[in-house]
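Visitor: Structure file my_file_27.txt (compact mmCIF, C-alpha atoms) right here:
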```txt
# COMPACT_ATOMS: atom_id res chain seq x y z
CA MET A 1 -7.81 -1.47 20.36
CA GLN A 2 -6.69 -3.90 17.67
CA ILE A 3 -7.30 -3.44 13.95
CA GLU A 4 -7.97 -6.73 12.17
CA ARG A 5 -5.74 -6.91 9.11
CA ASN A 6 -6.78 -8.67 5.90
CA ILE A 7 -3.24 -9.94 5.31
CA ILE A 8 -3.66 -12.47 8.14
CA ARG A 9 -5.64 -14.61 5.67
CA ASP A 10 -2.60 -14.65 3.38
CA PHE A 11 -0.42 -15.66 6.31
CA VAL A 12 -2.71 -18.61 7.08
CA GLU A 13 -2.50 -19.80 3.47
CA TRP A 14 1.28 -19.47 3.67
CA LYS A 15 1.39 -21.52 6.89
CA ASP A 16 -0.68 -24.33 5.37
CA SER A 17 1.12 -24.46 2.03
CA PRO A 18 3.10 -27.68 1.42
CA ARG A 19 5.61 -25.61 -0.59
CA ARG A 20 6.09 -23.00 2.11
CA LYS A 21 9.28 -20.94 2.03
CA PRO A 22 10.37 -18.38 4.61
CA LEU A 23 8.00 -15.41 4.54
CA LEU A 24 9.46 -11.96 3.83
CA LEU A 25 7.10 -9.12 4.70
CA ASN A 26 7.79 -5.71 3.18
CA GLY A 27 6.01 -2.43 3.82
CA VAL A 28 6.43 1.21 4.74
CA ARG A 29 7.54 1.95 8.29
CA GLN A 30 4.75 1.90 10.92
CA CYS A 31 2.17 0.17 8.72
CA GLY A 32 1.81 -2.68 11.25
CA LYS A 33 4.19 -5.41 10.06
CA THR A 34 5.46 -6.41 13.50
CA TRP A 35 2.02 -6.45 15.07
CA ALA A 36 0.57 -8.50 12.20
CA LEU A 37 3.26 -11.19 12.46
CA LYS A 38 3.06 -11.38 16.26
CA HIS A 39 -0.73 -11.57 16.19
CA PHE A 40 -0.56 -14.26 13.52
CA GLY A 41 1.92 -16.24 15.63
CA GLU A 42 -0.24 -15.98 18.74
CA GLU A 43 -3.40 -17.05 16.92
CA HIS A 44 -2.10 -19.79 14.62
CA PHE A 45 0.98 -21.32 16.27
CA ALA A 46 1.63 -22.95 19.62
CA ASP A 47 4.35 -20.35 20.21
CA ALA A 48 6.05 -17.39 18.53
CA VAL A 49 9.54 -16.01 19.20
CA ASP A 50 10.52 -12.54 18.04
CA PHE A 51 14.07 -11.36 17.31
CA ASN A 52 14.53 -7.67 16.44
CA PHE A 53 17.89 -6.98 14.78
CA ASP A 54 17.52 -3.21 15.12
CA LYS A 55 16.84 -3.24 18.87
CA ASP A 56 19.32 -6.05 19.58
CA PRO A 57 22.34 -5.75 17.24
CA GLY A 58 24.08 -8.56 19.15
CA LEU A 59 21.83 -11.07 17.41
CA ALA A 60 23.99 -10.64 14.31
CA SER A 61 26.73 -12.71 15.96
CA PHE A 62 24.64 -15.86 15.53
CA PHE A 63 24.72 -15.38 11.75
CA THR A 64 28.46 -14.97 11.22
CA GLY A 65 30.62 -17.64 9.62
CA ALA A 66 29.17 -20.70 7.88
CA CYS A 67 25.39 -20.61 7.77
CA ASP A 68 24.46 -23.73 9.75
CA VAL A 69 20.70 -23.35 10.24
CA ARG A 70 20.43 -25.92 13.02
CA ARG A 71 23.22 -24.25 14.97
CA ILE A 72 21.45 -20.91 14.55
CA ILE A 73 18.15 -22.34 15.78
CA SER A 74 19.84 -23.92 18.78
CA GLN A 75 21.54 -20.65 19.71
CA LEU A 76 18.36 -18.61 19.24
CA SER A 77 16.45 -21.09 21.41
CA VAL A 78 18.96 -20.71 24.22
CA TYR A 79 18.99 -16.92 23.80
CA CYS A 80 15.22 -16.51 24.13
CA GLY A 81 14.90 -19.25 26.76
CA ARG A 82 12.26 -21.21 24.84
CA LYS A 83 12.46 -24.33 22.75
CA ILE A 84 11.89 -23.65 19.04
CA VAL A 85 9.81 -26.55 17.73
CA PRO A 86 9.43 -27.37 14.01
CA ARG A 87 5.94 -26.55 12.64
CA GLU A 88 4.81 -25.36 16.10
CA THR A 89 6.92 -22.24 16.68
CA LEU A 90 6.81 -19.18 14.45
CA ILE A 91 10.27 -17.59 14.26
CA ILE A 92 9.99 -13.84 13.61
CA PHE A 93 13.02 -11.91 12.38
CA ASP A 94 12.14 -8.22 12.68
CA GLU A 95 14.01 -5.38 10.92
CA ILE A 96 16.01 -8.08 9.15
CA GLN A 97 17.42 -5.62 6.62
CA THR A 98 19.82 -4.38 9.32
CA CYS A 99 21.55 -7.79 9.34
CA PRO A 100 22.46 -8.87 5.78
CA ASN A 101 23.73 -12.26 6.98
CA ALA A 102 20.37 -12.99 8.60
CA LEU A 103 18.61 -11.99 5.38
CA ASN A 104 20.88 -14.30 3.43
CA SER A 105 20.23 -17.13 5.92
CA LEU A 106 16.62 -17.36 4.74
CA LYS A 107 17.97 -19.20 1.69
CA TYR A 108 19.34 -21.93 3.95
CA PHE A 109 16.20 -22.08 6.08
CA CYS A 110 14.38 -22.78 2.82
CA GLU A 111 16.82 -25.42 1.58
CA ASP A 112 18.01 -27.11 4.77
CA ALA A 113 15.24 -26.68 7.33
CA PRO A 114 11.87 -26.16 5.63
CA GLU A 115 10.08 -27.67 8.62
CA TYR A 116 10.72 -24.46 10.57
CA ALA A 117 8.26 -21.58 10.04
CA VAL A 118 10.25 -18.38 9.59
CA ALA A 119 8.72 -14.96 8.94
CA ALA A 120 10.91 -11.90 8.46
CA ALA A 121 9.91 -8.25 8.24
CA GLY A 122 11.59 -4.98 7.51
CA SER A 123 10.77 -1.42 6.52
CA LEU A 124 13.52 -1.14 3.94
CA ILE A 125 13.44 -4.59 2.33
CA GLY A 126 12.13 -2.94 -0.82
CA LEU A 127 15.54 -1.29 -1.23
CA ALA A 128 17.16 -4.73 -1.41
CA LEU A 129 14.51 -5.88 -3.88
CA THR A 130 15.15 -2.95 -6.21
CA ALA A 131 18.95 -2.89 -5.86
CA LYS A 132 20.90 -3.53 -9.03
CA ASN A 133 23.27 -5.78 -7.09
CA LYS A 134 21.20 -8.35 -5.21
CA THR A 135 24.20 -10.28 -3.87
CA GLY A 136 23.17 -11.87 -0.57
CA PHE A 137 19.44 -11.54 -1.23
CA PRO A 138 17.68 -14.94 -1.11
CA VAL A 139 16.17 -14.66 -4.60
CA GLY A 140 13.62 -17.42 -5.25
CA LYS A 141 13.93 -18.77 -1.70
CA VAL A 142 11.35 -16.60 0.05
CA ASP A 143 7.62 -15.89 -0.23
CA ILE A 144 7.36 -12.11 -0.45
CA ARG A 145 4.29 -10.24 0.79
CA GLU A 146 3.58 -6.50 0.96
CA LEU A 147 1.68 -4.94 3.84
CA THR A 148 0.07 -1.58 3.13
CA PRO A 149 -1.43 0.88 5.62
CA CYS A 150 -4.95 -0.04 6.76
CA SER A 151 -7.40 0.16 3.88
CA PHE A 152 -10.83 1.74 4.20
CA ASP A 153 -12.24 -1.80 4.24
CA GLU A 154 -10.20 -2.54 7.38
CA TYR A 155 -11.12 0.82 8.91
CA LEU A 156 -14.82 0.16 8.32
CA ARG A 157 -14.59 -3.26 9.97
CA ALA A 158 -13.04 -1.61 13.05
CA VAL A 159 -15.47 1.30 13.32
CA ASP A 160 -18.73 -0.46 12.33
CA PRO A 161 -18.53 -4.27 12.06
CA VAL A 162 -22.23 -4.61 11.22
CA MET A 163 -22.00 -2.19 8.28
CA HIS A 164 -18.80 -3.91 7.15
CA GLU A 165 -20.55 -7.28 7.10
CA TYR A 166 -23.42 -5.76 5.13
CA VAL A 167 -21.07 -4.24 2.54
CA LYS A 168 -19.57 -7.68 1.91
CA THR A 169 -22.95 -8.91 0.62
CA VAL A 170 -24.35 -5.95 -1.33
CA PRO A 171 -25.39 -6.87 -4.89
CA LEU A 172 -24.33 -4.91 -7.96
CA GLU A 173 -27.15 -2.38 -7.65
CA PRO A 174 -27.68 0.99 -5.92
CA LEU A 175 -27.53 1.11 -2.12
CA GLU A 176 -30.19 2.69 0.07
CA GLU A 177 -29.47 6.39 0.51
CA ALA A 178 -29.34 6.09 4.31
CA PHE A 179 -26.44 3.63 3.98
CA CYS A 180 -24.69 5.93 1.48
CA GLY A 181 -24.78 8.81 3.94
CA LYS A 182 -23.35 6.74 6.77
CA LEU A 183 -20.59 5.26 4.61
CA SER A 184 -19.71 8.72 3.27
CA ALA A 185 -19.23 9.98 6.84
CA TYR A 186 -16.93 7.07 7.65
CA LEU A 187 -14.96 7.75 4.47
CA ALA A 188 -14.48 11.39 5.45
CA GLU A 189 -13.04 10.23 8.79
CA TYR A 190 -10.70 7.83 7.02
CA LEU A 191 -9.43 10.54 4.66
CA ALA A 192 -8.61 12.73 7.66
CA VAL A 193 -7.03 9.97 9.76
CA GLY A 194 -5.37 7.80 7.12
CA GLY A 195 -4.45 4.16 7.51
CA MET A 196 -1.42 4.03 9.81
CA PRO A 197 -2.52 1.59 12.54
CA ALA A 198 -1.27 3.68 15.47
CA VAL A 199 -3.09 6.74 14.11
CA VAL A 200 -6.30 4.81 13.43
CA THR A 201 -6.23 3.23 16.87
CA ALA A 202 -5.63 6.58 18.58
CA PHE A 203 -8.57 8.15 16.75
CA LEU A 204 -11.00 5.30 17.42
CA GLU A 205 -10.09 5.30 21.10
CA THR A 206 -10.26 9.08 21.61
CA ARG A 207 -12.18 10.58 18.64
CA ASP A 208 -9.75 13.48 19.11
CA PHE A 209 -8.12 14.96 16.00
CA ARG A 210 -5.45 16.62 18.12
CA ILE A 211 -4.20 13.13 18.97
CA VAL A 212 -4.38 12.22 15.29
CA GLU A 213 -2.11 15.16 14.44
CA GLN A 214 0.35 14.18 17.15
CA GLU A 215 0.49 10.58 15.92
CA LEU A 216 0.97 11.67 12.30
CA ASP A 217 3.76 14.00 13.40
CA SER A 218 5.44 10.98 14.99
CA VAL A 219 5.08 9.02 11.76
CA LEU A 220 6.65 11.80 9.71
CA GLN A 221 9.45 12.21 12.22
CA ALA A 222 10.20 8.48 12.01
CA TYR A 223 10.29 8.68 8.21
CA GLU A 224 12.69 11.58 8.22
CA ALA A 225 14.83 9.90 10.90
CA ASP A 226 15.27 7.04 8.42
CA PHE A 227 16.74 9.51 5.94
CA SER A 228 19.65 10.29 8.25
CA LYS A 229 19.99 6.73 9.57
CA HIS A 230 20.14 4.78 6.34
CA ILE A 231 21.53 7.02 3.59
CA ASN A 232 24.59 9.13 2.95
CA ALA A 233 24.54 12.60 4.48
CA GLY A 234 24.98 14.19 1.06
CA ASP A 235 21.77 12.60 -0.22
CA ILE A 236 19.55 13.72 2.68
CA PRO A 237 18.75 17.19 1.25
CA LYS A 238 17.68 15.62 -2.07
CA LEU A 239 15.34 13.21 -0.29
CA MET A 240 13.85 15.98 1.81
CA ARG A 241 13.25 18.18 -1.22
CA ILE A 242 11.48 15.40 -3.14
CA TRP A 243 9.42 14.32 -0.13
CA HIS A 244 8.22 17.83 0.69
CA SER A 245 7.59 18.72 -2.95
CA ILE A 246 4.88 16.09 -3.35
CA PRO A 247 1.89 18.23 -2.21
CA ALA A 248 2.93 21.05 -4.56
CA GLN A 249 3.36 18.59 -7.43
CA PHE A 250 -0.13 17.26 -6.66
CA ALA A 251 -1.65 20.72 -6.72
CA LYS A 252 -0.60 21.34 -10.33
CA GLU A 253 -3.11 20.82 -13.11
CA ASN A 254 -0.59 18.52 -14.75
CA ARG A 255 0.34 16.25 -11.85
CA ARG A 256 3.24 14.46 -13.53
CA PHE A 257 6.31 14.47 -11.36
CA MET A 258 8.80 17.09 -12.56
CA PHE A 259 12.34 17.05 -11.23
CA GLY A 260 12.59 20.76 -12.05
CA GLU A 261 9.80 21.44 -9.52
CA VAL A 262 11.92 19.92 -6.76
CA ARG A 263 14.85 22.22 -7.38
CA GLN A 264 15.15 24.78 -10.14
CA GLY A 265 17.27 23.39 -12.95
CA ALA A 266 17.42 19.89 -11.46
CA ARG A 267 17.49 16.98 -13.87
CA ALA A 268 16.56 13.34 -13.45
CA LYS A 269 20.16 12.20 -13.04
CA ASP A 270 20.56 14.63 -10.11
CA LEU A 271 17.66 13.25 -8.06
CA GLU A 272 16.88 9.80 -9.44
CA ASP A 273 18.79 7.90 -6.74
CA ALA A 274 16.95 9.77 -3.98
CA LEU A 275 13.61 9.12 -5.66
CA GLN A 276 14.39 5.41 -5.96
CA TRP A 277 15.12 5.32 -2.22
CA LEU A 278 11.65 6.68 -1.44
CA VAL A 279 10.06 4.11 -3.77
CA GLY A 280 12.14 1.26 -2.36
CA ALA A 281 11.22 2.24 1.19
CA SER A 282 7.51 2.08 0.16
CA MET A 283 7.04 5.70 1.22
CA VAL A 284 5.70 6.59 -2.22
CA GLN A 285 4.08 4.68 -5.07
CA LYS A 286 5.29 5.43 -8.57
CA VAL A 287 2.54 5.31 -11.23
CA ASN A 288 4.00 5.23 -14.73
CA ALA A 289 2.32 6.58 -17.84
CA VAL A 290 1.05 4.44 -20.71
CA ASP A 291 0.46 5.81 -24.20
CA THR A 292 -1.02 2.68 -25.80
CA PRO A 293 -2.92 0.47 -23.31
CA GLU A 294 -1.89 -3.11 -23.95
CA TYR A 295 -1.58 -6.24 -21.84
CA PRO A 296 0.59 -6.61 -19.81
CA LEU A 297 0.97 -3.06 -18.58
CA THR A 298 4.55 -3.68 -17.46
CA ALA A 299 5.54 -4.07 -21.12
CA VAL A 300 4.20 -0.68 -22.26
CA MET A 301 4.67 1.65 -19.29
CA GLU A 302 6.92 4.65 -19.83
CA GLN A 303 9.73 4.90 -17.29
CA LYS A 304 10.39 8.63 -17.62
CA THR A 305 6.80 9.85 -17.24
CA PHE A 306 5.13 9.14 -13.91
CA LYS A 307 3.26 10.45 -10.89
CA LEU A 308 4.14 10.00 -7.22
CA TYR A 309 1.63 9.18 -4.50
CA PRO A 310 2.39 8.86 -0.77
CA SER A 311 1.57 5.40 0.58
CA ASP A 312 -1.00 6.80 3.02
CA VAL A 313 -3.71 9.38 2.44
CA GLY A 314 -3.42 10.67 6.02
CA VAL A 315 0.28 11.32 5.47
CA LEU A 316 -0.54 13.22 2.26
CA ARG A 317 -3.10 15.36 4.10
CA LYS A 318 -0.57 16.10 6.82
CA LEU A 319 2.18 16.94 4.32
CA ALA A 320 -0.24 19.30 2.55
CA ARG A 321 -1.07 20.92 5.90
CA ILE A 322 -4.81 20.42 5.54
CA SER A 323 -6.69 20.44 8.84
CA PRO A 324 -8.57 17.17 9.53
CA GLU A 325 -11.64 19.19 10.52
CA VAL A 326 -11.71 20.70 7.03
CA ILE A 327 -12.15 17.21 5.58
CA VAL A 328 -14.67 15.91 8.11
CA ASN A 329 -16.84 19.04 8.41
CA SER A 330 -16.98 20.01 4.72
CA LEU A 331 -20.22 19.44 2.85
CA ASP A 332 -18.11 18.27 -0.08
CA ILE A 333 -15.37 16.17 1.50
CA PHE A 334 -13.28 16.37 -1.65
CA SER A 335 -13.55 20.09 -2.33
CA ASP A 336 -10.18 20.88 -0.80
CA PHE A 337 -6.83 20.05 -2.35
CA LYS A 338 -8.71 19.75 -5.67
CA GLY A 339 -9.84 16.21 -4.94
CA ARG A 340 -6.28 14.85 -4.99
CA LEU A 341 -6.96 12.93 -1.80
CA ALA A 342 -9.52 10.91 -3.75
CA GLU A 343 -6.89 9.76 -6.25
CA ASN A 344 -4.52 8.79 -3.46
CA LEU A 345 -7.33 6.89 -1.75
CA VAL A 346 -8.15 4.91 -4.89
CA LEU A 347 -4.53 3.98 -5.53
CA GLU A 348 -4.11 2.84 -1.92
CA GLN A 349 -7.11 0.55 -2.23
CA PHE A 350 -5.70 -0.97 -5.44
CA TYR A 351 -2.45 -1.82 -3.67
CA ALA A 352 -4.27 -3.11 -0.59
CA LEU A 353 -6.22 -5.44 -2.90
CA GLY A 354 -3.00 -6.61 -4.59
CA MET A 355 -4.00 -5.09 -7.93
CA ALA A 356 -0.53 -3.91 -9.03
CA PRO A 357 0.75 -2.88 -11.49
CA VAL A 358 -1.19 0.36 -11.73
CA CYS A 359 -0.49 2.88 -14.50
CA TYR A 360 -2.24 5.92 -15.95
CA TRP A 361 -3.08 6.70 -19.57
CA PHE A 362 -2.51 9.92 -21.43
CA ASN A 363 -3.04 10.95 -25.01
CA GLY A 364 0.24 12.13 -26.51
CA GLN A 365 -1.49 15.15 -28.04
CA GLY A 366 -2.67 16.28 -24.62
CA LYS A 367 -6.37 15.76 -25.35
CA ALA A 368 -7.15 13.34 -22.55
CA GLU A 369 -5.77 11.61 -19.46
CA VAL A 370 -7.32 8.73 -17.50
CA ASP A 371 -6.31 8.55 -13.84
CA PHE A 372 -5.50 4.84 -13.64
CA LEU A 373 -5.27 1.63 -15.66
CA ILE A 374 -5.51 -1.73 -13.91
CA GLN A 375 -5.45 -5.34 -15.09
CA SER A 376 -8.41 -7.65 -14.54
CA GLY A 377 -7.61 -11.07 -15.94
CA ASN A 378 -6.08 -10.31 -19.33
CA ARG A 379 -8.09 -7.11 -19.78
CA ILE A 380 -7.01 -3.52 -19.28
CA VAL A 381 -9.61 -1.58 -17.29
CA PRO A 382 -9.55 2.26 -17.30
CA VAL A 383 -10.41 3.97 -14.00
CA GLU A 384 -11.50 7.60 -13.75
CA VAL A 385 -11.62 9.14 -10.27
CA LYS A 386 -14.19 11.85 -9.63
CA SER A 387 -13.98 13.49 -6.26
CA GLY A 388 -17.66 14.10 -5.65
CA LEU A 389 -21.06 13.92 -7.29
CA ASN A 390 -19.97 15.67 -10.49
CA VAL A 391 -19.08 12.72 -12.70
CA ASN A 392 -18.52 14.40 -16.05
CA ALA A 393 -15.52 12.42 -17.31
CA LYS A 394 -14.47 13.66 -20.75
CA SER A 395 -11.17 11.80 -20.72
CA LEU A 396 -12.81 8.48 -19.93
CA LYS A 397 -15.35 9.09 -22.69
CA PHE A 398 -12.50 9.78 -25.13
CA TYR A 399 -10.69 6.60 -24.03
CA ARG A 400 -13.80 4.43 -24.38
CA GLU A 401 -14.55 5.74 -27.87
CA ARG A 402 -10.96 5.12 -28.95
CA TYR A 403 -10.27 1.69 -27.40
CA ASN A 404 -13.75 0.28 -26.76
CA PRO A 405 -12.94 -1.55 -23.50
CA GLN A 406 -15.44 -4.16 -22.34
CA LEU A 407 -15.53 -2.57 -18.89
CA SER A 408 -14.63 0.85 -17.51
CA ILE A 409 -14.72 2.17 -13.94
CA ARG A 410 -15.71 5.52 -12.57
CA ALA A 411 -14.92 5.89 -8.86
CA SER A 412 -16.95 8.71 -7.33
CA MET A 413 -19.43 9.51 -4.58
CA LYS A 414 -22.41 8.56 -6.76
CA ASN A 415 -24.28 5.35 -6.04
CA LEU A 416 -23.30 1.90 -7.26
CA ARG A 417 -24.44 1.19 -10.81
CA LEU A 418 -23.43 -0.75 -13.92
CA GLU A 419 -24.65 0.76 -17.19
CA ARG A 420 -23.46 0.03 -20.73
CA GLY A 421 -20.10 -1.29 -19.63
CA LEU A 422 -19.44 1.56 -17.18
CA LEU A 423 -19.22 0.56 -13.53
CA ASN A 424 -19.80 3.49 -11.19
CA ILE A 425 -18.44 2.43 -7.82
CA PRO A 426 -18.67 4.66 -4.74
CA LEU A 427 -15.28 5.37 -3.20
CA TYR A 428 -16.41 3.76 0.05
CA LEU A 429 -17.06 0.42 -1.75
CA LEU A 430 -13.65 0.06 -3.40
CA GLY A 431 -12.80 -2.80 -1.08
CA GLU A 432 -15.40 -4.85 -2.95
CA LEU A 433 -13.96 -4.06 -6.38
CA PRO A 434 -12.74 -7.62 -7.23
CA ARG A 435 -16.20 -9.00 -6.48
CA PHE A 436 -17.93 -6.28 -8.49
CA LEU A 437 -15.55 -6.82 -11.42
CA ALA A 438 -16.47 -10.50 -11.47
CA LEU A 439 -20.19 -9.68 -11.32
CA ALA A 440 -19.86 -7.01 -14.00
CA ALA A 441 -17.98 -9.38 -16.31
CA THR A 442 -20.79 -11.90 -15.97
CA GLU A 443 -23.46 -9.33 -16.79
CA ILE A 444 -21.55 -7.94 -19.77
CA LEU A 445 -20.98 -11.40 -21.25
```
Could the structure of this file be written out as structure tokens, please?

Guide:
Amino acid sequence: MQIERNIIRDFVEWKDSPRRKPLLLNGVRQCGKTWALKHFGEEHFADAVDFNFDKDPGLASFFTGACDVRRIISQLSVYCGRKIVPRETLIIFDEIQTCPNALNSLKYFCEDAPEYAVAAAGSLIGLALTAKNKTGFPVGKVDIRELTPCSFDEYLRAVDPVMHEYVKTVPLEPLEEAFCGKLSAYLAEYLAVGGMPAVVTAFLETRDFRIVEQELDSVLQAYEADFSKHINAGDIPKLMRIWHSIPAQFAKENRRFMFGEVRQGARAKDLEDALQWLVGASMVQKVNAVDTPEYPLTAVMEQKTFKLYPSDVGVLRKLARISPEVIVNSLDIFSDFKGRLAENLVLEQFYALGMAPVCYWFNGQGKAEVDFLIQSGNRIVPVEVKSGLNVNAKSLKFYRERYNPQLSIRASMKNLRLERGLLNIPLYLLGELPRFLALAATEIL
């Protein structure tokens, strides 16, 4: 079973752009990068050729010496036994981060052979993007895209296409209760399964949570195999401690990441490099604090105060050792793990919608804390996440009284409603947030 990915629309726009550069696709391991590029090539090009530098290290020999793009294309064409035709063949370089010369060659594909469509992918490209020394990285010569795990919007389209089509047209007013119940059930499934394509596919084909657990075990094993494959042996214990400390950090009332919780007496300088590796590998999202909400958020975020969220809610559930049946069979699907899964879900949907940067707000005197801040146009929009039907949000009330934002968001399980500048959006409708923001802005003005 195939899961239709929203990013394919971005790929089509890239293909048709007159200013197209080589495409560089980043994303956490096993989120579907290879499948997405191959599917895109099959559907929108006459042919697609795939070269995986991890599986076939010998490919690196084509990229040694002077970077003559036309020589490289000729050699690759002979190697794969198919003619690579400008504008008709999609050239896919997979796991390109394992061959720095190939990564650097994208600069020359951009400058010397723009008629060739080149798309590269890698699980650890984010490490090159965040490295202090970017020597060899084709800065300014690639179009960078980020693929996240499947969003709930994509899951809904796979499990119930008719309901998905309906959701795309709902107005900014409450839904019928029968629809709310059905969507809530689908959301509970998604929280248990997560968004890793192999896990989603296995569940939709079998409806067996034992298979889900096996697939998630495989994902976690692949992650931890990367620790030993790509970093120094001395840093592996630090990475493992941070990675496995995340559920415990989430369970605290104050969910800010504390290095001392990873290892007693540990300081930032002891673990910061390991943390940056996890962020660069897209395994976790780092949400920085903001004291004074101003536009743009990147100018006011605090670097030393932050929270960490795994890139996939299913991975978080598995790390926290919560049974999937507990989520699906509970009358209150957010009662366990203190509703932290709801926060992770919301953040994932923001990233899937391309709504970074995301921060959170806290009052320096400890009186209030709002879960997330996002940017909509040139406005800062506060977002409070409530894990069920209890929507008493004192922190959001405090924020609104202090800063008087035009629009605020409360994500919960209550029905869709806009009232006095407060948009209550059900968690299962977050995929429609950009459309609802536009509608809400019109009504407010």

Visitor: Using all atoms listed in the file, which of the listed residues (A:Thr148, A:Gln97, A:Thr89, A:Asn424) sits closest to Phe45 in chain A?

Guide: A:Thr89

Visitor: Which residues come within 9 Å of His164 in chain A, counting only C-alpha atoms, excluding same-chain residues fewer than 6 positions away, as a PDB file with C-alpha atoms, in the coordinates of the input?

Guide:
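And here is the file that came out, selection.pdb:
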```pdb
ATOM      1  CA  ASP A 153     -12.240  -1.800   4.240  1.00  0.00           C
ATOM      2  CA  GLU A 154     -10.200  -2.540   7.380  1.00  0.00           C
ATOM      3  CA  LEU A 156     -14.820   0.160   8.320  1.00  0.00           C
ATOM      4  CA  ARG A 157     -14.590  -3.260   9.970  1.00  0.00           C
ATOM      5  CA  ALA A 158     -13.040  -1.610  13.050  1.00  0.00           C
TER       6      ALA A 158
END
```

Visitor: So how many Å separate CA of Val167 in chain A and CA of Gly195 in chain A, to one decimal?

Guide: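 Computed distance, CA of Val167 in chain A to CA of Gly195 in chain A, equals 19.3 Å.
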
Visitor: Considering all atoms listed in the file, return as JSON, numbers by chain whatever protein or nucleic-acid residues lie within 8 Å of range 104-120 of chain A, sequence-local ones (same chain, fewer than 2 positions apart) excluded.

Guide: {"A": [15, 20, 21, 22, 23, 24, 25, 37, 63, 67, 68, 69, 70, 85, 86, 87, 88, 89, 90, 91, 92, 93, 94, 95, 96, 100, 101, 102, 122, 136, 137, 138, 139, 141, 142]}

Visitor: For those residues, write C-alpha atoms to a file as a PDB file, in the frame of the given file.

Guide:
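Ended up saving to part-v9.pdb:
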```pdb
ATOM      1  CA  LYS A  15       1.390 -21.520   6.890  1.00  0.00           C
ATOM      2  CA  ARG A  20       6.090 -23.000   2.110  1.00  0.00           C
ATOM      3  CA  LYS A  21       9.280 -20.940   2.030  1.00  0.00           C
ATOM      4  CA  PRO A  22      10.370 -18.380   4.610  1.00  0.00           C
ATOM      5  CA  LEU A  23       8.000 -15.410   4.540  1.00  0.00           C
ATOM      6  CA  LEU A  24       9.460 -11.960   3.830  1.00  0.00           C
ATOM      7  CA  LEU A  25       7.100  -9.120   4.700  1.00  0.00           C
ATOM      8  CA  LEU A  37       3.260 -11.190  12.460  1.00  0.00           C
ATOM      9  CA  PHE A  63      24.720 -15.380  11.750  1.00  0.00           C
ATOM     10  CA  CYS A  67      25.390 -20.610   7.770  1.00  0.00           C
ATOM     11  CA  ASP A  68      24.460 -23.730   9.750  1.00  0.00           C
ATOM     12  CA  VAL A  69      20.700 -23.350  10.240  1.00  0.00           C
ATOM     13  CA  ARG A  70      20.430 -25.920  13.020  1.00  0.00           C
ATOM     14  CA  VAL A  85       9.810 -26.550  17.730  1.00  0.00           C
ATOM     15  CA  PRO A  86       9.430 -27.370  14.010  1.00  0.00           C
ATOM     16  CA  ARG A  87       5.940 -26.550  12.640  1.00  0.00           C
ATOM     17  CA  GLU A  88       4.810 -25.360  16.100  1.00  0.00           C
ATOM     18  CA  THR A  89       6.920 -22.240  16.680  1.00  0.00           C
ATOM     19  CA  LEU A  90       6.810 -19.180  14.450  1.00  0.00           C
ATOM     20  CA  ILE A  91      10.270 -17.590  14.260  1.00  0.00           C
ATOM     21  CA  ILE A  92       9.990 -13.840  13.610  1.00  0.00           C
ATOM     22  CA  PHE A  93      13.020 -11.910  12.380  1.00  0.00           C
ATOM     23  CA  ASP A  94      12.140  -8.220  12.680  1.00  0.00           C
ATOM     24  CA  GLU A  95      14.010  -5.380  10.920  1.00  0.00           C
ATOM     25  CA  ILE A  96      16.010  -8.080   9.150  1.00  0.00           C
ATOM     26  CA  PRO A 100      22.460  -8.870   5.780  1.00  0.00           C
ATOM     27  CA  ASN A 101      23.730 -12.260   6.980  1.00  0.00           C
ATOM     28  CA  ALA A 102      20.370 -12.990   8.600  1.00  0.00           C
ATOM     29  CA  GLY A 122      11.590  -4.980   7.510  1.00  0.00           C
ATOM     30  CA  GLY A 136      23.170 -11.870  -0.570  1.00  0.00           C
ATOM     31  CA  PHE A 137      19.440 -11.540  -1.230  1.00  0.00           C
ATOM     32  CA  PRO A 138      17.680 -14.940  -1.110  1.00  0.00           C
ATOM     33  CA  VAL A 139      16.170 -14.660  -4.600  1.00  0.00           C
ATOM     34  CA  LYS A 141      13.930 -18.770  -1.700  1.00  0.00           C
ATOM     35  CA  VAL A 142      11.350 -16.600   0.050  1.00  0.00           C
TER      36      VAL A 142
END
```

Visitor: Got a sec: who's within 7 Å of Pro382 in chain A, counting all atoms listed in the file, leaving out chain neighbours fewer than 6 positions off, as a list of chain:residue names?

Guide: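 Near Pro382 in chain A, the qualifying residues are A:Val370, A:Phe372, A:Leu373, A:Ile374, A:Ser408, A:Ile409.
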
Visitor: If I take CA of Ile242 in chain A and CA of Lys286 in chain A, how far is one from the other in Å, to one decimal?

Guide: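 Distance reported for this atom pair: 12.9 Å.
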
Visitor: With a distance cut-off of 8 Å and all atoms listed in the file, select the neighbouring residues of Gly314 in chain A, excluding the residue or stretch itself and same-chain residues fewer than 6 positions from it, and output the selection as a PyMOL selection string.

Guide: chain A and resi 190-196+216
